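Undergrad: See my_file02.tsv below, with TSV, N, CA and C atoms.
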chain	number	residue	atom	x	y	z
A	600	MET	N	-1.30	-14.13	5.53
A	600	MET	CA	-0.22	-14.15	4.56
A	600	MET	C	-0.77	-13.81	3.17
A	601	THR	N	0.09	-13.22	2.38
A	601	THR	CA	-0.25	-12.91	1.00
A	601	THR	C	0.64	-13.76	0.10
A	602	LEU	N	0.03	-14.42	-0.86
A	602	LEU	CA	0.79	-15.16	-1.86
A	602	LEU	C	1.20	-14.16	-2.94
A	603	VAL	N	2.50	-13.93	-3.06
A	603	VAL	CA	3.01	-13.00	-4.06
A	603	VAL	C	3.65	-13.81	-5.18
A	604	ARG	N	3.19	-13.53	-6.40
A	604	ARG	CA	3.75	-14.19	-7.59
A	604	ARG	C	4.56	-13.16	-8.34
A	605	PHE	N	5.86	-13.44	-8.49
A	605	PHE	CA	6.75	-12.58	-9.27
A	605	PHE	C	6.95	-13.23	-10.63
A	606	ILE	N	6.58	-12.52	-11.68
A	606	ILE	CA	6.76	-13.02	-13.04
A	606	ILE	C	7.94	-12.27	-13.64
A	607	ALA	N	8.90	-13.02	-14.15
A	607	ALA	CA	10.11	-12.42	-14.72
A	607	ALA	C	9.77	-11.65	-15.99
A	608	GLU	N	10.70	-10.84	-16.42
A	608	GLU	CA	10.54	-10.04	-17.63
A	608	GLU	C	10.17	-10.90	-18.83
A	609	ASP	N	10.70	-12.13	-18.88
A	609	ASP	CA	10.42	-13.02	-20.01
A	609	ASP	C	8.98	-13.53	-20.03
A	610	GLY	N	8.24	-13.31	-18.92
A	610	GLY	CA	6.86	-13.74	-18.84
A	610	GLY	C	6.69	-15.22	-18.57
A	611	VAL	N	7.79	-15.94	-18.45
A	611	VAL	CA	7.73	-17.39	-18.28
A	611	VAL	C	8.11	-17.80	-16.86
A	612	SER	N	9.22	-17.30	-16.38
A	612	SER	CA	9.70	-17.67	-15.05
A	612	SER	C	8.82	-17.05	-13.98
A	613	VAL	N	8.36	-17.89	-13.05
A	613	VAL	CA	7.48	-17.42	-11.98
A	613	VAL	C	8.03	-17.92	-10.65
A	614	ARG	N	8.02	-17.02	-9.68
A	614	ARG	CA	8.42	-17.39	-8.31
A	614	ARG	C	7.28	-17.00	-7.40
A	615	GLU	N	6.85	-17.91	-6.55
A	615	GLU	CA	5.78	-17.63	-5.59
A	615	GLU	C	6.34	-17.66	-4.18
A	616	VAL	N	5.95	-16.67	-3.39
A	616	VAL	CA	6.39	-16.60	-2.00
A	616	VAL	C	5.23	-16.17	-1.13
A	617	ASP	N	5.24	-16.61	0.11
A	617	ASP	CA	4.27	-16.13	1.09
A	617	ASP	C	4.91	-14.97	1.84
A	618	ALA	N	4.17	-13.89	1.96
A	618	ALA	CA	4.68	-12.70	2.64
A	618	ALA	C	3.71	-12.30	3.74
A	619	PRO	N	4.24	-11.85	4.87
A	619	PRO	CA	3.37	-11.50	6.00
A	619	PRO	C	2.68	-10.15	5.82
A	620	PRO	N	1.53	-9.97	6.46
A	620	PRO	CA	0.87	-8.67	6.44
A	620	PRO	C	1.82	-7.61	7.00
A	621	GLY	N	1.76	-6.44	6.42
A	621	GLY	CA	2.63	-5.34	6.87
A	621	GLY	C	3.95	-5.26	6.12
A	622	ALA	N	4.26	-6.29	5.34
A	622	ALA	CA	5.50	-6.27	4.57
A	622	ALA	C	5.33	-5.35	3.36
A	623	ARG	N	6.42	-4.71	2.99
A	623	ARG	CA	6.42	-3.86	1.80
A	623	ARG	C	6.88	-4.71	0.62
A	624	LEU	N	6.20	-4.59	-0.50
A	624	LEU	CA	6.51	-5.42	-1.67
A	624	LEU	C	7.97	-5.28	-2.08
A	625	LEU	N	8.54	-4.10	-2.04
A	625	LEU	CA	9.94	-3.91	-2.41
A	625	LEU	C	10.84	-4.79	-1.54
A	626	ASP	N	10.61	-4.82	-0.23
A	626	ASP	CA	11.44	-5.61	0.67
A	626	ASP	C	11.29	-7.11	0.41
A	627	VAL	N	10.06	-7.54	0.14
A	627	VAL	CA	9.81	-8.95	-0.16
A	627	VAL	C	10.56	-9.34	-1.45
A	628	ALA	N	10.44	-8.50	-2.46
A	628	ALA	CA	11.09	-8.77	-3.75
A	628	ALA	C	12.60	-8.85	-3.60
A	629	GLN	N	13.18	-7.90	-2.90
A	629	GLN	CA	14.64	-7.90	-2.73
A	629	GLN	C	15.10	-9.10	-1.92
A	630	ALA	N	14.35	-9.49	-0.91
A	630	ALA	CA	14.71	-10.66	-0.10
A	630	ALA	C	14.69	-11.94	-0.94
A	631	GLU	N	13.85	-11.95	-1.98
A	631	GLU	CA	13.74	-13.12	-2.85
A	631	GLU	C	14.66	-13.04	-4.07
A	632	GLY	N	15.49	-12.00	-4.13
A	632	GLY	CA	16.44	-11.88	-5.23
A	632	GLY	C	15.85	-11.37	-6.53
A	633	GLU	N	14.68	-10.76	-6.45
A	633	GLU	CA	14.06	-10.20	-7.65
A	633	GLU	C	14.82	-8.94	-8.07
A	634	PRO	N	14.86	-8.64	-9.36
A	634	PRO	CA	15.67	-7.53	-9.86
A	634	PRO	C	15.03	-6.15	-9.68
A	635	LEU	N	14.73	-5.79	-8.46
A	635	LEU	CA	14.22	-4.46	-8.16
A	635	LEU	C	15.29	-3.73	-7.36
A	636	GLU	N	15.84	-2.69	-7.96
A	636	GLU	CA	16.95	-1.98	-7.35
A	636	GLU	C	16.54	-1.19	-6.12
A	637	GLY	N	15.49	-0.39	-6.24
A	637	GLY	CA	15.09	0.43	-5.09
A	637	GLY	C	16.18	1.39	-4.68
A	638	THR	N	16.75	2.10	-5.64
A	638	THR	CA	17.88	2.99	-5.41
A	638	THR	C	17.66	3.96	-4.27
A	639	CYS	N	16.46	4.51	-4.16
A	639	CYS	CA	16.18	5.52	-3.13
A	639	CYS	C	15.76	4.89	-1.81
A	640	GLU	N	15.82	3.57	-1.73
A	640	GLU	CA	15.47	2.82	-0.52
A	640	GLU	C	14.04	3.06	-0.06
A	641	GLY	N	13.15	3.20	-1.03
A	641	GLY	CA	11.73	3.33	-0.71
A	641	GLY	C	11.27	4.73	-0.37
A	642	GLN	N	12.07	5.73	-0.69
A	642	GLN	CA	11.70	7.11	-0.38
A	642	GLN	C	10.90	7.78	-1.50
A	643	MET	N	10.55	7.01	-2.53
A	643	MET	CA	9.78	7.48	-3.68
A	643	MET	C	10.49	8.64	-4.38
A	644	ALA	N	11.80	8.48	-4.54
A	644	ALA	CA	12.61	9.48	-5.23
A	644	ALA	C	13.22	8.91	-6.50
A	645	CYS	N	12.82	7.71	-6.89
A	645	CYS	CA	13.29	7.10	-8.13
A	645	CYS	C	12.20	6.16	-8.63
A	646	SER	N	12.45	5.51	-9.73
A	646	SER	CA	11.44	4.57	-10.26
A	646	SER	C	12.03	3.18	-10.46
A	647	THR	N	13.11	2.87	-9.74
A	647	THR	CA	13.80	1.60	-9.95
A	647	THR	C	13.13	0.40	-9.28
A	648	CYS	N	11.98	0.61	-8.66
A	648	CYS	CA	11.23	-0.52	-8.10
A	648	CYS	C	9.89	-0.67	-8.82
A	649	HIS	N	9.83	-0.15	-10.04
A	649	HIS	CA	8.62	-0.22	-10.86
A	649	HIS	C	8.26	-1.67	-11.14
A	650	VAL	N	7.00	-2.03	-10.91
A	650	VAL	CA	6.47	-3.35	-11.26
A	650	VAL	C	5.15	-3.15	-12.00
A	651	ILE	N	4.76	-4.17	-12.73
A	651	ILE	CA	3.48	-4.16	-13.42
A	651	ILE	C	2.57	-5.14	-12.70
A	652	VAL	N	1.52	-4.62	-12.11
A	652	VAL	CA	0.59	-5.42	-11.32
A	652	VAL	C	-0.41	-6.08	-12.25
A	653	ALA	N	-0.71	-7.35	-12.00
A	653	ALA	CA	-1.73	-8.06	-12.79
A	653	ALA	C	-3.04	-7.28	-12.73
A	654	ALA	N	-3.71	-7.20	-13.86
A	654	ALA	CA	-4.95	-6.42	-13.95
A	654	ALA	C	-5.97	-6.83	-12.90
A	655	GLU	N	-6.08	-8.13	-12.63
A	655	GLU	CA	-7.08	-8.60	-11.66
A	655	GLU	C	-6.73	-8.20	-10.22
A	656	ASP	N	-5.49	-7.86	-9.97
A	656	ASP	CA	-5.07	-7.45	-8.63
A	656	ASP	C	-4.99	-5.93	-8.47
A	657	PHE	N	-4.79	-5.22	-9.58
A	657	PHE	CA	-4.56	-3.79	-9.55
A	657	PHE	C	-5.68	-3.04	-8.83
A	658	ALA	N	-6.92	-3.37	-9.12
A	658	ALA	CA	-8.06	-2.66	-8.54
A	658	ALA	C	-8.19	-2.91	-7.03
A	659	ARG	N	-7.57	-3.96	-6.53
A	659	ARG	CA	-7.66	-4.27	-5.10
A	659	ARG	C	-6.64	-3.51	-4.27
A	660	LEU	N	-5.74	-2.79	-4.94
A	660	LEU	CA	-4.73	-1.99	-4.24
A	660	LEU	C	-5.26	-0.57	-4.01
A	661	PRO	N	-4.78	0.09	-2.96
A	661	PRO	CA	-5.12	1.50	-2.81
A	661	PRO	C	-4.59	2.29	-4.01
A	662	ARG	N	-5.26	3.37	-4.36
A	662	ARG	CA	-4.82	4.19	-5.48
A	662	ARG	C	-3.42	4.74	-5.24
A	663	ALA	N	-2.68	4.91	-6.32
A	663	ALA	CA	-1.37	5.53	-6.23
A	663	ALA	C	-1.52	7.01	-5.89
A	664	SER	N	-0.60	7.52	-5.10
A	664	SER	CA	-0.60	8.94	-4.78
A	664	SER	C	-0.14	9.74	-6.00
A	665	GLU	N	-0.36	11.02	-5.95
A	665	GLU	CA	0.10	11.89	-7.03
A	665	GLU	C	1.62	11.82	-7.17
A	666	GLU	N	2.32	11.74	-6.04
A	666	GLU	CA	3.78	11.65	-6.06
A	666	GLU	C	4.24	10.35	-6.73
A	667	GLU	N	3.54	9.25	-6.44
A	667	GLU	CA	3.89	7.98	-7.08
A	667	GLU	C	3.63	8.06	-8.58
A	668	GLU	N	2.50	8.64	-8.96
A	668	GLU	CA	2.20	8.81	-10.39
A	668	GLU	C	3.29	9.62	-11.08
A	669	ASP	N	3.77	10.67	-10.42
A	669	ASP	CA	4.84	11.50	-10.99
A	669	ASP	C	6.11	10.68	-11.20
A	670	MET	N	6.45	9.82	-10.25
A	670	MET	CA	7.65	8.99	-10.40
A	670	MET	C	7.46	7.95	-11.50
A	671	LEU	N	6.26	7.42	-11.62
A	671	LEU	CA	5.99	6.44	-12.68
A	671	LEU	C	6.12	7.07	-14.07
A	672	ASP	N	5.88	8.39	-14.16
A	672	ASP	CA	6.06	9.08	-15.43
A	672	ASP	C	7.51	8.99	-15.92
A	673	LEU	N	8.44	8.74	-15.00
A	673	LEU	CA	9.86	8.67	-15.32
A	673	LEU	C	10.33	7.24	-15.57
A	674	ALA	N	9.48	6.26	-15.32
A	674	ALA	CA	9.87	4.85	-15.44
A	674	ALA	C	9.78	4.37	-16.89
A	675	ALA	N	10.57	3.34	-17.19
A	675	ALA	CA	10.53	2.72	-18.51
A	675	ALA	C	9.44	1.66	-18.55
A	676	ASN	N	8.83	1.47	-19.71
A	676	ASN	CA	7.85	0.40	-19.94
A	676	ASN	C	6.63	0.48	-19.03
A	677	VAL	N	6.18	1.67	-18.72
A	677	VAL	CA	5.01	1.86	-17.85
A	677	VAL	C	3.75	1.41	-18.56
A	678	THR	N	2.86	0.79	-17.80
A	678	THR	CA	1.56	0.36	-18.31
A	678	THR	C	0.47	0.96	-17.42
A	679	ARG	N	-0.76	0.71	-17.78
A	679	ARG	CA	-1.90	1.20	-17.01
A	679	ARG	C	-1.90	0.65	-15.58
A	680	THR	N	-1.29	-0.52	-15.37
A	680	THR	CA	-1.29	-1.14	-14.04
A	680	THR	C	0.08	-1.08	-13.38
A	681	SER	N	0.90	-0.12	-13.77
A	681	SER	CA	2.22	0.04	-13.16
A	681	SER	C	2.11	0.66	-11.77
A	682	ARG	N	2.98	0.21	-10.88
A	682	ARG	CA	3.08	0.76	-9.52
A	682	ARG	C	4.54	0.71	-9.09
A	683	LEU	N	4.86	1.44	-8.03
A	683	LEU	CA	6.17	1.34	-7.41
A	683	LEU	C	6.06	0.35	-6.26
A	684	ALA	N	6.94	-0.64	-6.23
A	684	ALA	CA	6.87	-1.68	-5.20
A	684	ALA	C	7.08	-1.11	-3.80
A	685	CYS	N	7.78	0.02	-3.70
A	685	CYS	CA	7.99	0.63	-2.38
A	685	CYS	C	6.71	1.22	-1.81
A	686	GLN	N	5.67	1.35	-2.63
A	686	GLN	CA	4.42	1.94	-2.18
A	686	GLN	C	3.31	0.92	-1.99
A	687	ILE	N	3.64	-0.35	-2.13
A	687	ILE	CA	2.64	-1.41	-1.96
A	687	ILE	C	2.93	-2.14	-0.66
A	688	TRP	N	2.00	-2.02	0.28
A	688	TRP	CA	2.09	-2.70	1.57
A	688	TRP	C	1.10	-3.85	1.58
A	689	LEU	N	1.56	-5.02	1.95
A	689	LEU	CA	0.71	-6.21	1.95
A	689	LEU	C	-0.18	-6.21	3.19
A	690	THR	N	-1.42	-6.65	3.01
A	690	THR	CA	-2.38	-6.67	4.10
A	690	THR	C	-3.02	-8.06	4.18
A	691	ASP	N	-3.72	-8.30	5.28
A	691	ASP	CA	-4.46	-9.56	5.43
A	691	ASP	C	-5.51	-9.71	4.34
A	692	GLU	N	-6.12	-8.60	3.94
A	692	GLU	CA	-7.18	-8.64	2.94
A	692	GLU	C	-6.66	-8.98	1.54
A	693	LEU	N	-5.39	-8.70	1.30
A	693	LEU	CA	-4.78	-8.95	0.00
A	693	LEU	C	-4.23	-10.38	0.01
A	694	GLU	N	-5.06	-11.33	-0.37
A	694	GLU	CA	-4.69	-12.74	-0.27
A	694	GLU	C	-3.65	-13.15	-1.31
A	695	ARG	N	-3.65	-12.45	-2.46
A	695	ARG	CA	-2.68	-12.77	-3.51
A	695	ARG	C	-2.34	-11.50	-4.26
A	696	LEU	N	-1.17	-11.48	-4.85
A	696	LEU	CA	-0.72	-10.35	-5.66
A	696	LEU	C	0.26	-10.87	-6.69
A	697	THR	N	0.00	-10.58	-7.95
A	697	THR	CA	0.88	-10.99	-9.04
A	697	THR	C	1.47	-9.74	-9.67
A	698	VAL	N	2.79	-9.73	-9.76
A	698	VAL	CA	3.49	-8.61	-10.39
A	698	VAL	C	4.51	-9.13	-11.39
A	699	ARG	N	4.70	-8.35	-12.46
A	699	ARG	CA	5.68	-8.69	-13.48
A	699	ARG	C	6.79	-7.66	-13.45
A	700	MET	N	8.01	-8.14	-13.64
A	700	MET	CA	9.16	-7.26	-13.71
A	700	MET	C	9.17	-6.61	-15.10
A	701	PRO	N	9.28	-5.30	-15.18
A	701	PRO	CA	9.21	-4.62	-16.47
A	701	PRO	C	10.48	-4.74	-17.30
A	702	GLY	N	11.59	-5.16	-16.70
A	702	GLY	CA	12.82	-5.32	-17.46
A	702	GLY	C	13.77	-4.18	-17.30
A	703	THR	N	13.43	-3.03	-17.80
A	703	THR	CA	14.34	-1.89	-17.77
A	703	THR	C	13.94	-0.95	-16.66
A	704	ALA	N	14.95	-0.40	-15.97
A	704	ALA	CA	14.69	0.60	-14.95
A	704	ALA	C	15.62	1.77	-15.21
A	705	HIS	N	15.10	2.97	-15.01
A	705	HIS	CA	15.90	4.18	-15.12
A	705	HIS	C	16.01	4.81	-13.75
A	706	ASN	N	17.23	5.10	-13.33
A	706	ASN	CA	17.43	5.79	-12.07
A	706	ASN	C	17.38	7.28	-12.34
A	707	MET	N	16.29	7.91	-11.94
A	707	MET	CA	16.10	9.34	-12.22
A	707	MET	C	16.46	10.21	-11.03
A	708	MET	N	17.15	9.66	-10.03
A	708	MET	CA	17.53	10.46	-8.86
A	708	MET	C	18.45	11.59	-9.29
A	709	GLY	N	18.21	12.74	-8.71
A	709	GLY	CA	19.07	13.87	-8.96
A	709	GLY	C	18.80	14.58	-10.28
A	710	ARG	N	17.76	14.19	-10.98
A	710	ARG	CA	17.44	14.87	-12.24
A	710	ARG	C	16.27	15.79	-12.07
Hey, can you dump this file as structure tokens for me?

TA:
Amino acid sequence: MTLVRFIAEDGVSVREVDAPPGARLLDVAQAEGEPLEGTCEGQMACSTCHVIVAAEDFARLPRASEEEEDMLDLAANVTRTSRLACQIWLTDELERLTVRMPGTAHNMMGR
């Protein structure tokens, strides 16, 4: 199991959940009521599942693909540790993951 910590946009509210290996972060977040739209349903055609990964966890994730980087270029409030939740798959090796909700999302589908 991976302990996933969701930090709200305000930086204060925190929700912790255990998620099984093989789960996609977007699905875990949506099941927990986190404000990640995922307009394209994980097809990497929008940036509405943008999250900011804690610096200490970012390096433990596989690198973002060029396509993911391109979609992040369209997201609001992007940081050095931004990722798309639809591209993060939880594994046994990933014991914990902390992500913050960026607040604003832009749906760039069809543009």

Undergrad: From chain A, collect each residue whose DSSP state is strand (DSSP E or B) and return the set as number ranges by chain.

TA: A: 601-606, 613-618, 623, 649-652, 681-683, 688, 695-699

Undergrad: Distance atom N of Arg679 in chain A-atom N of Met600 in chain A, one decimal place?

TA: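 That distance, rounded to one decimal, is 27.6 Å.
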
Undergrad: Between CA of Leu693 in chain A and CA of Ala644 in chain A, what distance in Å does the model show, to one decimal?

TA: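 Between CA of Leu693 in chain A and CA of Ala644 in chain A the gap works out to 25.9 Å.
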
Undergrad: Considering all atoms listed in the file, return as an MDAnalysis selection string whatever protein or nucleic-acid residues lie within 7 Å of Val603 in chain A, sequence-local ones (same chain, fewer than 6 positions apart) excluded.

TA: chainID A and resid 614:618 694:698

Undergrad: Quick check for you: according to DSSP on this backbone, which residues of chain A are classed as alpha helix (DSSP H)? Reply as a PyMOL selection string.

TA: chain A and resi 624-630+654-657+665-671

Undergrad: Store the residues picked out above, limited to N, CA and C atoms, as a CSV table (one decimal), in the frame of the given file.

TA:
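Result went into result_27.csv, see below:
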chain,number,residue,atom,x,y,z
A,624,LEU,N,6.2,-4.6,-0.5
A,624,LEU,CA,6.5,-5.4,-1.7
A,624,LEU,C,8.0,-5.3,-2.1
A,625,LEU,N,8.5,-4.1,-2.0
A,625,LEU,CA,9.9,-3.9,-2.4
A,625,LEU,C,10.8,-4.8,-1.5
A,626,ASP,N,10.6,-4.8,-0.2
A,626,ASP,CA,11.4,-5.6,0.7
A,626,ASP,C,11.3,-7.1,0.4
A,627,VAL,N,10.1,-7.5,0.1
A,627,VAL,CA,9.8,-9.0,-0.2
A,627,VAL,C,10.6,-9.3,-1.4
A,628,ALA,N,10.4,-8.5,-2.5
A,628,ALA,CA,11.1,-8.8,-3.8
A,628,ALA,C,12.6,-8.8,-3.6
A,629,GLN,N,13.2,-7.9,-2.9
A,629,GLN,CA,14.6,-7.9,-2.7
A,629,GLN,C,15.1,-9.1,-1.9
A,630,ALA,N,14.4,-9.5,-0.9
A,630,ALA,CA,14.7,-10.7,-0.1
A,630,ALA,C,14.7,-11.9,-0.9
A,654,ALA,N,-3.7,-7.2,-13.9
A,654,ALA,CA,-5.0,-6.4,-14.0
A,654,ALA,C,-6.0,-6.8,-12.9
A,655,GLU,N,-6.1,-8.1,-12.6
A,655,GLU,CA,-7.1,-8.6,-11.7
A,655,GLU,C,-6.7,-8.2,-10.2
A,656,ASP,N,-5.5,-7.9,-10.0
A,656,ASP,CA,-5.1,-7.4,-8.6
A,656,ASP,C,-5.0,-5.9,-8.5
A,657,PHE,N,-4.8,-5.2,-9.6
A,657,PHE,CA,-4.6,-3.8,-9.6
A,657,PHE,C,-5.7,-3.0,-8.8
A,665,GLU,N,-0.4,11.0,-6.0
A,665,GLU,CA,0.1,11.9,-7.0
A,665,GLU,C,1.6,11.8,-7.2
A,666,GLU,N,2.3,11.7,-6.0
A,666,GLU,CA,3.8,11.6,-6.1
A,666,GLU,C,4.2,10.4,-6.7
A,667,GLU,N,3.5,9.2,-6.4
A,667,GLU,CA,3.9,8.0,-7.1
A,667,GLU,C,3.6,8.1,-8.6
A,668,GLU,N,2.5,8.6,-9.0
A,668,GLU,CA,2.2,8.8,-10.4
A,668,GLU,C,3.3,9.6,-11.1
A,669,ASP,N,3.8,10.7,-10.4
A,669,ASP,CA,4.8,11.5,-11.0
A,669,ASP,C,6.1,10.7,-11.2
A,670,MET,N,6.4,9.8,-10.2
A,670,MET,CA,7.6,9.0,-10.4
A,670,MET,C,7.5,8.0,-11.5
A,671,LEU,N,6.3,7.4,-11.6
A,671,LEU,CA,6.0,6.4,-12.7
A,671,LEU,C,6.1,7.1,-14.1

Undergrad: Using only N, CA and C atoms, which residues sit within 5 Å of Ile606 in chain A once same-chain residues fewer than 6 positions away are excluded, as a ChimeraX atom specification?

TA: /A:612-613,698-700

Undergrad: One decimal, in Å: what's the spacing between CA of Met643 in chain A and atom C of Ser681 in chain A?

TA: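 CA of Met643 in chain A sits 13.1 Å away from atom C of Ser681 in chain A.
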
Undergrad: Closest to Val677 in chain A among A:Ala607, A:Val650, A:Leu602, A:Ala630, using all atoms listed in the file?

TA: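 Of the candidates, the smallest distance to Val677 in chain A is held by A:Val650.
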
Undergrad: Nearest to Gln642 in chain A: which of A:Val611, A:Pro661, A:Gln686, A:Leu673 is it, counting all atoms listed in the file?

TA: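 When distances to Gln642 in chain A are compared using all atoms listed in the file, the smallest one comes from A:Gln686.
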
Undergrad: Could you give me, as a ChimeraX atom specification, the residues that sit within 6.5 Å of (10.8, -11.2, -8.5) in the file's coordinates, counting all atoms listed in the file?

TA: /A:605-607,628,631-634

Undergrad: Which one of A:Cys685, A:Ala663, A:Val627, A:Ala622 sits closest to Thr647 in chain A if you count only N, CA and C atoms?

TA: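 For Thr647 in chain A, the nearest of the given residues is A:Cys685.
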
Undergrad: Do a neighbour search on Glu692 in chain A at 8 Å with only N, CA and C atoms, toss out local chain neighbours closer than 6 positions, and write the hits as a PyMOL selection string.

TA: chain A and resi 600-601+620+659

Undergrad: Could you give me the centre and size, in Å to one decimal, of an axis-aligned box around all listed atoms of range 654-672 of chain A with 4 Å added on every side, as AutoDock Vina command-line options?

TA:
--center_x -0.3 --center_y 1.6 --center_z -9.4 --size_x 23.8 --size_y 28.5 --size_z 21.1

Undergrad: So, counting only C-alpha atoms, which residue among A:Gly610, A:Val652, A:Asp626, A:Arg682 is closest to Glu665 in chain A?

TA: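 Among the listed residues, A:Arg682 lies closest to Glu665 in chain A.
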